[in-house]
file work-v9.cif (mmCIF, C-alpha atoms and all ligand atoms)
data_target
#
loop_
_atom_site.label_atom_id
_atom_site.label_comp_id
_atom_site.auth_asym_id
_atom_site.auth_seq_id
_atom_site.Cartn_x
_atom_site.Cartn_y
_atom_site.Cartn_z
CA MET A 1 10.52 9.29 -31.32
CA LYS A 2 8.99 10.49 -28.05
CA LYS A 3 9.83 8.49 -24.94
CA ILE A 4 7.04 6.29 -23.57
CA LYS A 5 6.12 6.85 -19.93
CA ALA A 6 3.80 4.69 -17.84
CA SER A 7 0.81 6.69 -16.70
CA ILE A 8 -1.99 5.84 -14.31
CA THR A 9 -5.21 6.28 -16.31
CA ALA A 10 -7.83 4.89 -13.90
CA VAL A 11 -8.21 3.87 -10.27
CA GLY A 12 -10.47 1.47 -8.39
CA SER A 13 -11.01 0.28 -4.85
CA PHE A 14 -12.84 -2.17 -2.64
CA LEU A 15 -13.35 -2.02 1.11
CA PRO A 16 -15.28 -4.56 3.18
CA GLU A 17 -18.37 -3.14 4.88
CA LYS A 18 -17.61 -4.44 8.37
CA ILE A 19 -15.99 -1.77 10.56
CA LEU A 20 -13.75 -2.48 13.56
CA ASN A 21 -13.40 0.79 15.48
CA ASN A 22 -11.30 1.75 18.48
CA ALA A 23 -14.20 1.20 20.87
CA ASP A 24 -14.53 -2.37 19.57
CA LEU A 25 -10.80 -2.94 20.19
CA GLU A 26 -11.11 -1.61 23.75
CA LYS A 27 -13.31 -4.65 24.41
CA ILE A 28 -10.74 -7.09 22.98
CA VAL A 29 -7.34 -5.85 24.25
CA ASP A 30 -6.01 -3.47 26.91
CA THR A 31 -6.08 -0.26 24.89
CA ASN A 32 -8.15 2.88 24.46
CA ASP A 33 -9.33 5.25 21.76
CA ASP A 34 -7.17 8.11 23.02
CA TRP A 35 -3.93 6.04 22.92
CA ILE A 36 -4.64 4.63 19.46
CA THR A 37 -5.65 8.02 18.04
CA THR A 38 -2.69 9.96 19.41
CA ARG A 39 -0.07 7.25 18.77
CA THR A 40 -1.27 6.19 15.29
CA GLY A 41 -4.03 8.47 13.94
CA ILE A 42 -6.29 5.45 13.39
CA LYS A 43 -10.00 5.52 14.31
CA GLU A 44 -11.35 2.48 12.47
CA ARG A 45 -10.48 -0.28 10.01
CA ARG A 46 -12.39 -2.55 7.64
CA ILE A 47 -12.52 -6.32 8.14
CA LEU A 48 -13.30 -8.89 5.45
CA ASP A 49 -15.50 -11.84 6.39
CA LYS A 50 -13.88 -15.15 7.25
CA GLY A 51 -13.88 -17.75 4.48
CA ILE A 52 -13.03 -15.36 1.64
CA GLY A 53 -9.56 -14.32 0.58
CA THR A 54 -7.70 -11.30 -0.70
CA SER A 55 -8.76 -12.05 -4.28
CA TYR A 56 -12.37 -11.20 -3.34
CA MET A 57 -11.31 -7.58 -2.75
CA ALA A 58 -8.75 -7.46 -5.59
CA ILE A 59 -11.33 -8.63 -8.15
CA ARG A 60 -13.77 -5.96 -7.04
CA ALA A 61 -11.15 -3.19 -7.09
CA ALA A 62 -10.14 -4.19 -10.65
CA ASN A 63 -13.77 -4.43 -11.73
CA THR A 64 -14.37 -0.83 -10.63
CA ILE A 65 -11.82 0.20 -13.25
CA ILE A 66 -13.25 -2.11 -15.93
CA LYS A 67 -16.76 -0.71 -15.31
CA ASN A 68 -15.90 3.00 -14.98
CA LYS A 69 -13.41 3.03 -17.84
CA LYS A 70 -15.60 0.74 -20.01
CA LEU A 71 -12.48 -1.35 -20.48
CA ASP A 72 -12.64 -4.58 -22.48
CA PRO A 73 -10.86 -7.01 -20.10
CA THR A 74 -9.52 -9.07 -22.99
CA GLN A 75 -7.32 -6.05 -23.84
CA ILE A 76 -5.46 -6.32 -20.52
CA ASP A 77 -1.91 -7.67 -20.97
CA LEU A 78 -0.85 -8.21 -17.39
CA VAL A 79 -2.33 -8.34 -13.88
CA ILE A 80 -0.03 -7.79 -10.91
CA VAL A 81 -1.23 -8.22 -7.34
CA ALA A 82 0.96 -6.85 -4.58
CA THR A 83 0.08 -8.73 -1.40
CA ILE A 84 1.48 -10.55 1.63
CA THR A 85 -1.83 -12.31 2.20
CA PRO A 86 -2.38 -14.32 -0.99
CA ASP A 87 -5.46 -16.56 -1.11
CA MET A 88 -3.19 -19.62 -0.97
CA HIS A 89 0.50 -20.45 -1.07
CA ALA A 90 1.95 -21.76 -4.34
CA THR A 91 -0.65 -20.16 -6.62
CA ALA A 92 -0.49 -16.50 -7.52
CA THR A 93 -3.59 -14.59 -6.45
CA ALA A 94 -3.07 -12.46 -9.59
CA ALA A 95 -3.62 -15.47 -11.87
CA TYR A 96 -7.01 -16.09 -10.25
CA VAL A 97 -7.91 -12.40 -10.31
CA ALA A 98 -7.03 -12.18 -14.02
CA SER A 99 -9.31 -15.13 -14.81
CA GLU A 100 -12.17 -13.79 -12.71
CA ILE A 101 -12.14 -10.33 -14.30
CA GLY A 102 -12.13 -11.82 -17.80
CA ALA A 103 -8.53 -10.87 -18.64
CA SER A 104 -8.21 -13.98 -20.79
CA ASN A 105 -5.24 -12.64 -22.79
CA ALA A 106 -3.24 -11.63 -19.73
CA PHE A 107 -0.74 -13.30 -17.45
CA GLY A 108 -0.63 -12.62 -13.75
CA PHE A 109 1.83 -12.80 -10.88
CA ASP A 110 2.11 -11.57 -7.30
CA ILE A 111 4.66 -9.26 -5.74
CA SER A 112 5.59 -9.81 -2.12
CA ALA A 113 7.13 -6.66 -0.68
CA ALA A 114 4.68 -5.94 2.15
CA CYS A 115 3.84 -2.25 2.52
CA SER A 116 6.12 -1.35 -0.41
CA GLY A 117 4.45 -3.93 -2.65
CA PHE A 118 2.44 -1.35 -4.55
CA LEU A 119 5.51 0.81 -5.31
CA TYR A 120 7.61 -2.20 -6.33
CA GLY A 121 4.68 -3.22 -8.56
CA LEU A 122 4.48 0.28 -10.00
CA SER A 123 8.18 0.09 -10.84
CA THR A 124 7.75 -3.34 -12.48
CA ALA A 125 4.64 -2.36 -14.44
CA SER A 126 6.24 0.92 -15.60
CA ALA A 127 9.26 -0.93 -16.98
CA PHE A 128 6.98 -3.18 -19.05
CA ILE A 129 5.04 -0.19 -20.40
CA GLU A 130 8.12 2.00 -21.05
CA SER A 131 9.77 -0.81 -23.01
CA GLY A 132 6.74 -0.93 -25.31
CA ARG A 133 6.14 -4.58 -24.52
CA TYR A 134 2.70 -4.17 -22.91
CA LYS A 135 0.00 -1.51 -23.17
CA LYS A 136 -2.53 -2.23 -20.45
CA ILE A 137 -1.50 -3.39 -17.00
CA ILE A 138 -3.76 -3.71 -13.96
CA LEU A 139 -1.79 -3.27 -10.74
CA ILE A 140 -3.60 -4.10 -7.52
CA GLY A 141 -2.46 -3.63 -3.92
CA ALA A 142 -4.60 -5.87 -1.70
CA ASP A 143 -4.29 -7.37 1.75
CA LYS A 144 -6.53 -9.20 4.17
CA MET A 145 -4.43 -8.34 7.21
CA SER A 146 -7.15 -9.64 9.56
CA SER A 147 -6.17 -13.15 8.39
CA ILE A 148 -2.67 -12.84 9.91
CA VAL A 149 -3.31 -10.54 12.89
CA ASP A 150 -3.40 -11.85 16.45
CA TYR A 151 -6.35 -10.08 18.06
CA THR A 152 -4.81 -10.56 21.51
CA ASP A 153 -1.66 -8.58 20.55
CA ARG A 154 -2.26 -4.85 21.05
CA ASN A 155 1.00 -4.04 19.24
CA THR A 156 -0.42 -5.16 15.90
CA CYS A 157 -4.21 -5.53 16.07
CA ILE A 158 -4.82 -1.81 16.50
CA ILE A 159 -2.94 -0.95 13.31
CA PHE A 160 -4.02 -3.26 10.53
CA GLY A 161 -7.12 -3.45 8.35
CA ASP A 162 -8.29 -5.05 5.09
CA GLY A 163 -8.75 -3.46 1.67
CA ALA A 164 -7.78 -3.33 -2.00
CA GLY A 165 -6.91 -0.58 -4.45
CA ALA A 166 -6.16 -0.89 -8.16
CA VAL A 167 -4.75 1.22 -10.97
CA LEU A 168 -4.63 0.88 -14.75
CA LEU A 169 -1.28 1.72 -16.35
CA GLU A 170 -1.03 2.73 -20.00
CA PRO A 171 1.63 4.30 -22.24
CA ASN A 172 1.84 8.08 -22.45
CA ILE A 173 4.01 10.06 -24.87
CA GLU A 174 3.18 13.54 -23.51
CA GLY A 175 5.48 13.18 -20.50
CA TYR A 176 2.85 12.20 -17.90
CA GLY A 177 3.34 9.16 -15.69
CA VAL A 178 6.21 7.68 -13.71
CA GLN A 179 9.26 9.98 -13.81
CA ASP A 180 11.71 8.46 -11.36
CA GLU A 181 12.07 5.98 -8.53
CA TYR A 182 14.31 5.38 -5.53
CA LEU A 183 13.63 1.90 -4.17
CA ARG A 184 15.63 0.00 -1.60
CA SER A 185 15.53 -3.09 0.63
CA ASN A 186 17.50 -4.44 3.58
CA GLY A 187 16.82 -8.02 4.59
CA SER A 188 19.08 -8.00 7.61
CA ASN A 189 16.23 -6.51 9.66
CA ARG A 190 13.58 -8.98 8.55
CA ASP A 191 13.05 -10.38 12.05
CA LEU A 192 11.71 -7.04 13.31
CA LEU A 193 8.48 -7.44 11.31
CA ARG A 194 7.58 -10.93 10.18
CA ILE A 195 5.50 -14.08 10.31
CA GLU A 196 7.86 -16.70 11.69
CA ALA A 197 6.12 -19.92 10.70
CA GLY A 198 4.40 -21.21 7.59
CA GLY A 199 7.33 -20.70 5.22
CA SER A 200 10.07 -23.07 4.09
CA GLN A 201 12.33 -22.22 7.04
CA THR A 202 9.74 -23.09 9.69
CA PRO A 203 6.81 -24.99 8.19
CA THR A 204 3.54 -24.92 10.09
CA THR A 205 3.17 -27.51 12.84
CA LYS A 206 0.78 -27.93 15.74
CA ASP A 207 3.46 -26.33 17.94
CA THR A 208 3.97 -23.27 15.72
CA VAL A 209 0.23 -22.65 15.77
CA GLU A 210 0.03 -23.03 19.54
CA GLU A 211 2.95 -20.62 19.87
CA LYS A 212 1.09 -18.18 17.58
CA LYS A 213 3.97 -18.09 15.11
CA HIS A 214 1.55 -17.94 12.18
CA PHE A 215 0.58 -14.39 13.15
CA ILE A 216 2.35 -11.17 12.19
CA TYR A 217 4.80 -9.92 14.79
CA GLN A 218 6.50 -6.54 14.95
CA ASP A 219 8.97 -4.77 17.17
CA GLY A 220 6.93 -1.61 16.80
CA LYS A 221 9.34 0.91 18.30
CA ASN A 222 12.27 -0.29 16.19
CA VAL A 223 10.21 -0.53 13.00
CA PHE A 224 8.94 2.97 13.67
CA LYS A 225 12.48 4.39 13.82
CA HIS A 226 13.53 2.68 10.58
CA ALA A 227 10.29 3.74 8.88
CA VAL A 228 10.81 7.41 9.75
CA SER A 229 14.46 7.55 8.69
CA ASN A 230 14.18 5.47 5.50
CA MET A 231 10.92 6.91 4.18
CA SER A 232 12.12 10.47 4.80
CA GLU A 233 15.49 9.75 3.23
CA ALA A 234 13.93 8.19 0.11
CA SER A 235 11.49 11.09 -0.30
CA ASP A 236 14.29 13.60 0.17
CA GLN A 237 16.45 11.80 -2.43
CA ILE A 238 13.71 11.67 -5.06
CA MET A 239 13.08 15.40 -4.68
CA LYS A 240 16.78 16.28 -4.93
CA ARG A 241 17.36 14.01 -7.93
CA ASN A 242 14.50 15.69 -9.79
CA ASN A 243 15.28 19.25 -8.64
CA LEU A 244 11.92 19.50 -6.89
CA THR A 245 11.33 21.87 -4.01
CA HIS A 246 8.36 21.57 -1.67
CA LEU A 247 6.63 24.17 -3.85
CA ASP A 248 6.84 21.91 -6.91
CA VAL A 249 5.27 18.95 -5.14
CA ASN A 250 1.47 18.95 -5.33
CA TYR A 251 0.86 15.89 -3.17
CA LEU A 252 2.69 13.46 -0.92
CA ILE A 253 0.97 10.07 -1.08
CA ALA A 254 2.63 7.99 1.61
CA HIS A 255 2.00 4.51 2.95
CA GLN A 256 -0.49 4.75 5.82
CA ALA A 257 1.15 2.88 8.71
CA ASN A 258 1.16 5.53 11.38
CA LYS A 259 0.25 9.22 11.11
CA ARG A 260 3.38 10.15 13.07
CA ILE A 261 5.61 8.46 10.44
CA ILE A 262 3.85 10.38 7.64
CA ASP A 263 4.10 13.66 9.57
CA ALA A 264 7.84 13.15 10.09
CA THR A 265 8.34 12.43 6.36
CA SER A 266 6.36 15.46 5.20
CA LYS A 267 8.21 17.68 7.70
CA ARG A 268 11.59 16.59 6.33
CA MET A 269 10.33 17.29 2.78
CA GLY A 270 8.98 20.69 3.87
CA ILE A 271 5.54 19.75 2.53
CA LYS A 272 2.54 21.53 4.05
CA ASP A 273 -0.22 19.44 5.67
CA GLU A 274 -2.81 20.24 2.98
CA LYS A 275 -0.58 18.51 0.41
CA VAL A 276 -0.32 15.32 2.45
CA LEU A 277 -3.14 12.92 1.57
CA MET A 278 -4.38 10.74 4.42
CA ASN A 279 -7.12 8.22 5.09
CA ILE A 280 -5.41 6.24 7.85
CA HIS A 281 -8.12 7.29 10.33
CA ARG A 282 -10.72 5.36 8.27
CA TYR A 283 -8.89 2.22 7.17
CA GLY A 284 -5.74 1.81 9.31
CA ASN A 285 -2.76 0.10 7.69
CA THR A 286 -3.96 -2.03 4.77
CA THR A 287 -0.34 -2.88 3.78
CA ALA A 288 -0.10 -3.05 -0.05
CA ALA A 289 -3.46 -1.32 -0.48
CA THR A 290 -2.82 2.01 1.26
CA ILE A 291 -1.38 3.96 -1.69
CA PRO A 292 -3.94 2.94 -4.35
CA LEU A 293 -6.74 3.50 -1.80
CA LEU A 294 -5.50 7.07 -1.36
CA LEU A 295 -5.47 7.54 -5.13
CA PHE A 296 -9.07 6.34 -5.30
CA ASP A 297 -10.31 8.44 -2.39
CA PHE A 298 -8.62 11.63 -3.59
CA GLU A 299 -8.96 11.09 -7.37
CA SER A 300 -11.24 14.13 -7.73
CA LYS A 301 -8.54 16.41 -6.24
CA LEU A 302 -5.79 15.31 -8.63
CA LYS A 303 -5.22 17.43 -11.75
CA LYS A 304 -3.40 16.63 -14.96
CA GLY A 305 0.26 17.57 -14.52
CA ASP A 306 0.27 17.40 -10.70
CA ASN A 307 3.61 16.30 -9.27
CA ILE A 308 3.03 13.42 -6.87
CA ILE A 309 5.59 11.83 -4.58
CA PHE A 310 4.80 8.32 -3.38
CA ALA A 311 6.64 6.95 -0.34
CA SER A 312 6.51 3.67 1.53
CA PHE A 313 8.21 1.53 4.15
CA GLY A 314 7.44 -2.03 5.20
CA ALA A 315 8.47 -5.51 6.24
CA GLY A 316 11.57 -6.91 4.64
CA PHE A 317 12.63 -4.17 5.13
CA THR A 318 11.46 -2.66 1.86
CA TRP A 319 11.08 1.04 1.21
CA GLY A 320 11.29 3.77 -1.37
CA ALA A 321 9.84 6.79 -3.10
CA MET A 322 8.56 7.40 -6.61
CA TYR A 323 7.83 10.56 -8.57
CA LEU A 324 4.83 10.60 -10.91
CA LYS A 325 3.15 13.27 -13.02
CA TRP A 326 -0.62 12.73 -12.85
CA ALA A 327 -2.10 12.14 -16.31
CA TYR A 328 -5.76 13.17 -16.23
CA ASN A 329 -8.50 15.33 -14.77
CA HIS A 330 -11.30 13.39 -13.14
O1 LIG A 401 3.43 -0.79 7.79
C1 LIG A 401 4.57 -1.53 8.08
C2 LIG A 401 5.45 -0.86 9.01
N1 LIG A 401 4.86 -0.78 10.33
C3 LIG A 401 4.97 0.37 10.95
O2 LIG A 401 5.41 1.33 10.39
C4 LIG A 401 4.53 0.41 12.39
C5 LIG A 401 5.57 1.16 13.17
N2 LIG A 401 5.32 1.20 14.60
C6 LIG A 401 4.32 1.91 15.15
O3 LIG A 401 3.47 2.44 14.48
C7 LIG A 401 4.33 2.08 16.65
O4 LIG A 401 5.55 1.62 17.15
C8 LIG A 401 3.16 1.39 17.40
C9 LIG A 401 1.85 2.08 17.07
C10 LIG A 401 3.09 -0.08 17.07
C11 LIG A 401 3.40 1.52 18.89
O5 LIG A 401 3.53 2.88 19.23
P1 LIG A 401 4.76 3.41 20.09
O6 LIG A 401 4.54 4.83 20.28
O7 LIG A 401 6.02 2.97 19.42
O8 LIG A 401 4.54 2.67 21.45
P2 LIG A 401 5.58 1.77 22.25
O9 LIG A 401 5.67 0.40 21.65
O10 LIG A 401 6.84 2.55 22.48
O11 LIG A 401 4.84 1.65 23.63
C12 LIG A 401 4.65 2.79 24.49
C13 LIG A 401 3.76 2.38 25.64
C14 LIG A 401 4.19 1.08 26.30
O12 LIG A 401 3.88 1.16 27.67
P3 LIG A 401 5.01 1.48 28.74
O13 LIG A 401 6.04 0.40 28.60
O14 LIG A 401 5.57 2.83 28.37
O15 LIG A 401 4.28 1.47 30.03
C15 LIG A 401 3.31 0.04 25.67
O16 LIG A 401 3.13 -1.09 26.45
O17 LIG A 401 2.43 2.14 25.15
C16 LIG A 401 2.01 0.81 25.48
N3 LIG A 401 1.18 0.30 24.40
C17 LIG A 401 -0.13 0.50 24.34
N4 LIG A 401 -0.99 1.12 25.17
C18 LIG A 401 -2.28 1.15 24.83
C19 LIG A 401 1.57 -0.38 23.30
N5 LIG A 401 0.51 -0.65 22.53
C20 LIG A 401 -0.56 -0.12 23.16
C21 LIG A 401 -1.93 -0.06 22.85
N6 LIG A 401 -2.75 0.59 23.71
N7 LIG A 401 -2.44 -0.61 21.73
#
call {"tool": "encode", "arguments": {"input": "work-v9.cif", "output": "structure tokens"}}
result
Amino acid sequence: MKKIKASITAVGSFLPEKILNNADLEKIVDTNDDWITTRTGIKERRILDKGIGTSYMAIRAANTIIKNKKLDPTQIDLVIVATITPDMHATATAAYVASEIGASNAFGFDISAACSGFLYGLSTASAFIESGRYKKIILIGADKMSSIVDYTDRNTCIIFGDGAGAVLLEPNIEGYGVQDEYLRSNGSNRDLLRIEAGGSQTPTTKDTVEEKKHFIYQDGKNVFKHAVSNMSEASDQIMKRNNLTHLDVNYLIAHQANKRIIDATSKRMGIKDEKVLMNIHRYGNTTAATIPLLLFDFESKLKKGDNIIFASFGAGFTWGAMYLKWAYNH
């Protein structure tokens, strides 16, 4: 019997209409377009309206797939939402998304792995498909980062944006789909990129709010160093393990946190710029959404059989790389 692989068979996305560009940020914090562009590669980001949560974007990203693929939502077995900005604590955003898209025969849960959430989700979903247990899984990476960003902190507010991307995973017996993964985490550095209050260790109080501990904080310089070394190392490992040279790799699809981190990773892999997909200039860092948003934006470029390397690094720390053979022509 041929081995079942988990292939991506459709992609979807949703981005809020409201744009926050570098000129807008110049009016809010002490920064400028030139600094942001040269240090990060970001020109603008999307911002979701107040009063609506991450599910608003996740539902719309999933519905793009349902509409374009003419998918009967009752056939979906599982909905996974990778996010660090769930609508609410205690309830999985994925459960709500599944109900709202009409996936009445599915179950849903969230994955919290920050910027690596989509890759961890891809690993989880692939295992379910490869085992033969489920046949249709919707995996969504979605984050409303504007809900946890302090717009007086120039270290973070220039980087993050809101958005959602989704993929459909189905079994494939022709060899297309997820081939290998190299995923890691190291919690001993969790204080370098975190939200201090609002969890079980430090529940929200009037004081924690006044001290702005409900916002995301990062030691940018330190995170940057770890991101470069770990993302490059993971990408290097996945290529070696699969006997891939830079010539075999068609595309590097890396988490969009900072263009300089992506450039360093592609340099170590020996991958030429034209093979490195980027949209960071348009959306900034949308955390769990960056990788599926790239898949959606560049879907027309991808050809059946293309070798794609995914790479990510994020809070936790969580990081890794995955190797996938693309399964269809657009
Ligand atoms: O996705 C999850 C993982 N997150 C990341 O991967 C983010 C990783 N970190 C980064 O992308 C970068 O560290 C930042 C973009 C956050 C900062 O860039 P940097 O090149 O590491 O800057 P820095 O923190 O070393 O600061 C350099 C200088 C400092 O000034 P002095 O001390 O040299 O006078 C900062 O105060 O730039 C200053 N600075 C700014 N200037 C204008 C810091 N932020 C800004 C700003 N605008 N927004």
call {"tool": "closest_atom_pairs", "arguments": {"input": "work-v9.cif", "of": "chain A", "to": "ligand LIG 401 (chain A)", "cutoff": "7 Å", "atoms": "all atoms listed in the file", "output": "Markdown table"}}
result
| residue | atom | partner | partner_atom | distance |
| --- | --- | --- | --- | --- |
| A:Asp30 | CA | A:LIG401 | N6 | 6.1 |
| A:Thr31 | CA | A:LIG401 | N6 | 3.6 |
| A:Asn32 | CA | A:LIG401 | N6 | 5.9 |
| A:Trp35 | CA | A:LIG401 | C18 | 5.5 |
| A:Ile36 | CA | A:LIG401 | N7 | 6.1 |
| A:Arg39 | CA | A:LIG401 | O6 | 5.4 |
| A:Thr40 | CA | A:LIG401 | C9 | 5.5 |
| A:Cys115 | CA | A:LIG401 | O1 | 5.5 |
| A:Arg154 | CA | A:LIG401 | N7 | 4.3 |
| A:Asn155 | CA | A:LIG401 | N5 | 4.7 |
| A:Thr156 | CA | A:LIG401 | C10 | 6.3 |
| A:Ile158 | CA | A:LIG401 | N7 | 5.9 |
| A:Ile159 | CA | A:LIG401 | C9 | 6.8 |
| A:Gly220 | CA | A:LIG401 | O4 | 3.5 |
| A:Lys221 | CA | A:LIG401 | O4 | 4.0 |
| A:Val223 | CA | A:LIG401 | C5 | 4.9 |
| A:Phe224 | CA | A:LIG401 | C5 | 3.9 |
| A:Ala227 | CA | A:LIG401 | O2 | 5.6 |
| A:Ala257 | CA | A:LIG401 | O1 | 4.4 |
| A:Asn258 | CA | A:LIG401 | O3 | 4.9 |
| A:Asn285 | CA | A:LIG401 | O1 | 6.3 |
| A:Thr287 | CA | A:LIG401 | O1 | 5.9 |
| A:Phe313 | CA | A:LIG401 | C2 | 6.1 |
| A:Gly314 | CA | A:LIG401 | C1 | 4.1 |
| A:Ala315 | CA | A:LIG401 | C1 | 5.9 |
call {"tool": "residues_near_point", "arguments": {"input": "work-v9.cif", "point": "(10.0, -13.3, 8.7)", "cutoff": "12 Å", "atoms": "all atoms listed in the file", "output": "JSON, numbers by chain"}}
result
{"A": [84, 113, 114, 187, 188, 189, 190, 191, 192, 193, 194, 195, 196, 197, 198, 199, 200, 201, 202, 213, 214, 215, 216, 217, 218, 315, 316, 317]}
call {"tool": "closest_atom_pairs", "arguments": {"input": "work-v9.cif", "of": "region 50-149 of chain A", "to": "region 175-182 of chain A", "cutoff": "12 Å", "atoms": "only C-alpha atoms", "output": "CSV"}}
result
residue,atom,partner,partner_atom,distance
A:Ser116,CA,A:Tyr182,CA,11.8
A:Leu119,CA,A:Glu181,CA,9.0
A:Tyr120,CA,A:Glu181,CA,9.6
A:Gly121,CA,A:Glu181,CA,11.8
A:Leu122,CA,A:Val178,CA,8.5
A:Ser123,CA,A:Glu181,CA,7.4
A:Thr124,CA,A:Glu181,CA,11.0
A:Ala125,CA,A:Val178,CA,10.2
A:Ser126,CA,A:Val178,CA,7.0
A:Ala127,CA,A:Val178,CA,9.7
A:Ile129,CA,A:Val178,CA,10.4
A:Glu130,CA,A:Val178,CA,9.5
call {"tool": "atom_distance", "arguments": {"input": "work-v9.cif", "atom1": "CA of Pro203 (chain A)", "atom2": "CA of Asp87 (chain A)"}}
result
17.6 Å
call {"tool": "closest_residue", "arguments": {"input": "work-v9.cif", "among": "A:Asn22, A:Thr152, A:Ser131, A:Ser229", "to": "Arg45 (chain A)", "atoms": "only C-alpha atoms"}}
result
A:Asn22
call {"tool": "residues_near_point", "arguments": {"input": "work-v9.cif", "point": "(-9.2, 15.7, -17.1)", "cutoff": "7 Å", "atoms": "all atoms listed in the file", "output": "mmCIF file with C-alpha atoms, in the coordinates of the input"}}
result
data_model
loop_
_atom_site.group_PDB
_atom_site.id
_atom_site.type_symbol
_atom_site.label_atom_id
_atom_site.label_comp_id
_atom_site.auth_asym_id
_atom_site.auth_seq_id
_atom_site.Cartn_x
_atom_site.Cartn_y
_atom_site.Cartn_z
ATOM 1 C CA LYS A 303 -5.220 17.430 -11.750
ATOM 2 C CA LYS A 304 -3.400 16.630 -14.960
ATOM 3 C CA TYR A 328 -5.760 13.170 -16.230
ATOM 4 C CA ASN A 329 -8.500 15.330 -14.770
ATOM 5 C CA HIS A 330 -11.300 13.390 -13.140
#
call {"tool": "atom_distance", "arguments": {"input": "work-v9.cif", "atom1": "CA of Asn279 (chain A)", "atom2": "CA of Tyr96 (chain A)"}}
result
28.7 Å
call {"tool": "residues_around", "arguments": {"input": "work-v9.cif", "residues": "Ala90 (chain A)", "least_positions_apart": "2", "cutoff": "12 Å", "atoms": "all atoms listed in the file", "output": "ChimeraX atom specification"}}
result
/A:86-88,92-95,109-110,199-200
call {"tool": "atom_distance", "arguments": {"input": "work-v9.cif", "atom1": "CA of Gly12 (chain A)", "atom2": "CA of Asn230 (chain A)"}}
result
28.6 Å
call {"tool": "residues_around", "arguments": {"input": "work-v9.cif", "residues": "Ile173 (chain A)", "least_positions_apart": "2", "cutoff": "9 Å", "atoms": "only C-alpha atoms", "output": "number ranges by chain"}}
result
A: 2-6, 171, 175-176
call {"tool": "residues_around", "arguments": {"input": "work-v9.cif", "residues": "Asp162 (chain A)", "least_positions_apart": "3", "cutoff": "7 Å", "atoms": "all atoms listed in the file", "output": "list in words"}}
result
Arg46, Ile47, Leu48, Asp143, Lys144, Met145, Ser146 and Thr286 of chain A
call {"tool": "build_atoms", "arguments": {"input": "work-v9.cif", "residues": "region 95-99 of chain A", "atoms": "all heavy atoms", "output": "PDB file, in the coordinates of the input"}}
result
ATOM      1  N   ALA A  95      -3.157 -14.585 -10.790  1.00  0.00           N
ATOM      2  CA  ALA A  95      -3.620 -15.470 -11.870  1.00  0.00           C
ATOM      3  C   ALA A  95      -5.120 -15.691 -11.735  1.00  0.00           C
ATOM      4  O   ALA A  95      -5.867 -15.657 -12.731  1.00  0.00           O
ATOM      5  CB  ALA A  95      -2.865 -16.791 -11.814  1.00  0.00           C
ATOM      6  N   TYR A  96      -5.573 -15.884 -10.505  1.00  0.00           N
ATOM      7  CA  TYR A  96      -7.010 -16.090 -10.250  1.00  0.00           C
ATOM      8  C   TYR A  96      -7.796 -14.809 -10.536  1.00  0.00           C
ATOM      9  O   TYR A  96      -8.847 -14.833 -11.179  1.00  0.00           O
ATOM     10  CB  TYR A  96      -7.202 -16.545  -8.801  1.00  0.00           C
ATOM     11  CG  TYR A  96      -8.636 -16.830  -8.446  1.00  0.00           C
ATOM     12  CD1 TYR A  96      -9.314 -17.891  -9.037  1.00  0.00           C
ATOM     13  CD2 TYR A  96      -9.319 -16.035  -7.527  1.00  0.00           C
ATOM     14  CE1 TYR A  96     -10.643 -18.143  -8.717  1.00  0.00           C
ATOM     15  CE2 TYR A  96     -10.636 -16.279  -7.197  1.00  0.00           C
ATOM     16  CZ  TYR A  96     -11.302 -17.335  -7.795  1.00  0.00           C
ATOM     17  OH  TYR A  96     -12.620 -17.586  -7.479  1.00  0.00           O
ATOM     18  N   VAL A  97      -7.243 -13.689 -10.088  1.00  0.00           N
ATOM     19  CA  VAL A  97      -7.910 -12.400 -10.310  1.00  0.00           C
ATOM     20  C   VAL A  97      -8.061 -12.159 -11.815  1.00  0.00           C
ATOM     21  O   VAL A  97      -9.137 -11.775 -12.298  1.00  0.00           O
ATOM     22  CB  VAL A  97      -7.127 -11.243  -9.639  1.00  0.00           C
ATOM     23  CG1 VAL A  97      -7.689  -9.882 -10.036  1.00  0.00           C
ATOM     24  CG2 VAL A  97      -7.147 -11.402  -8.123  1.00  0.00           C
ATOM     25  N   ALA A  98      -6.990 -12.397 -12.566  1.00  0.00           N
ATOM     26  CA  ALA A  98      -7.030 -12.180 -14.020  1.00  0.00           C
ATOM     27  C   ALA A  98      -8.149 -13.011 -14.651  1.00  0.00           C
ATOM     28  O   ALA A  98      -8.932 -12.502 -15.473  1.00  0.00           O
ATOM     29  CB  ALA A  98      -5.677 -12.530 -14.641  1.00  0.00           C
ATOM     30  N   SER A  99      -8.252 -14.269 -14.260  1.00  0.00           N
ATOM     31  CA  SER A  99      -9.310 -15.130 -14.810  1.00  0.00           C
ATOM     32  C   SER A  99     -10.689 -14.608 -14.444  1.00  0.00           C
ATOM     33  O   SER A  99     -11.590 -14.557 -15.279  1.00  0.00           O
ATOM     34  CB  SER A  99      -9.176 -16.559 -14.278  1.00  0.00           C
ATOM     35  OG  SER A  99      -7.937 -17.081 -14.662  1.00  0.00           O
TER      36      SER A  99
END
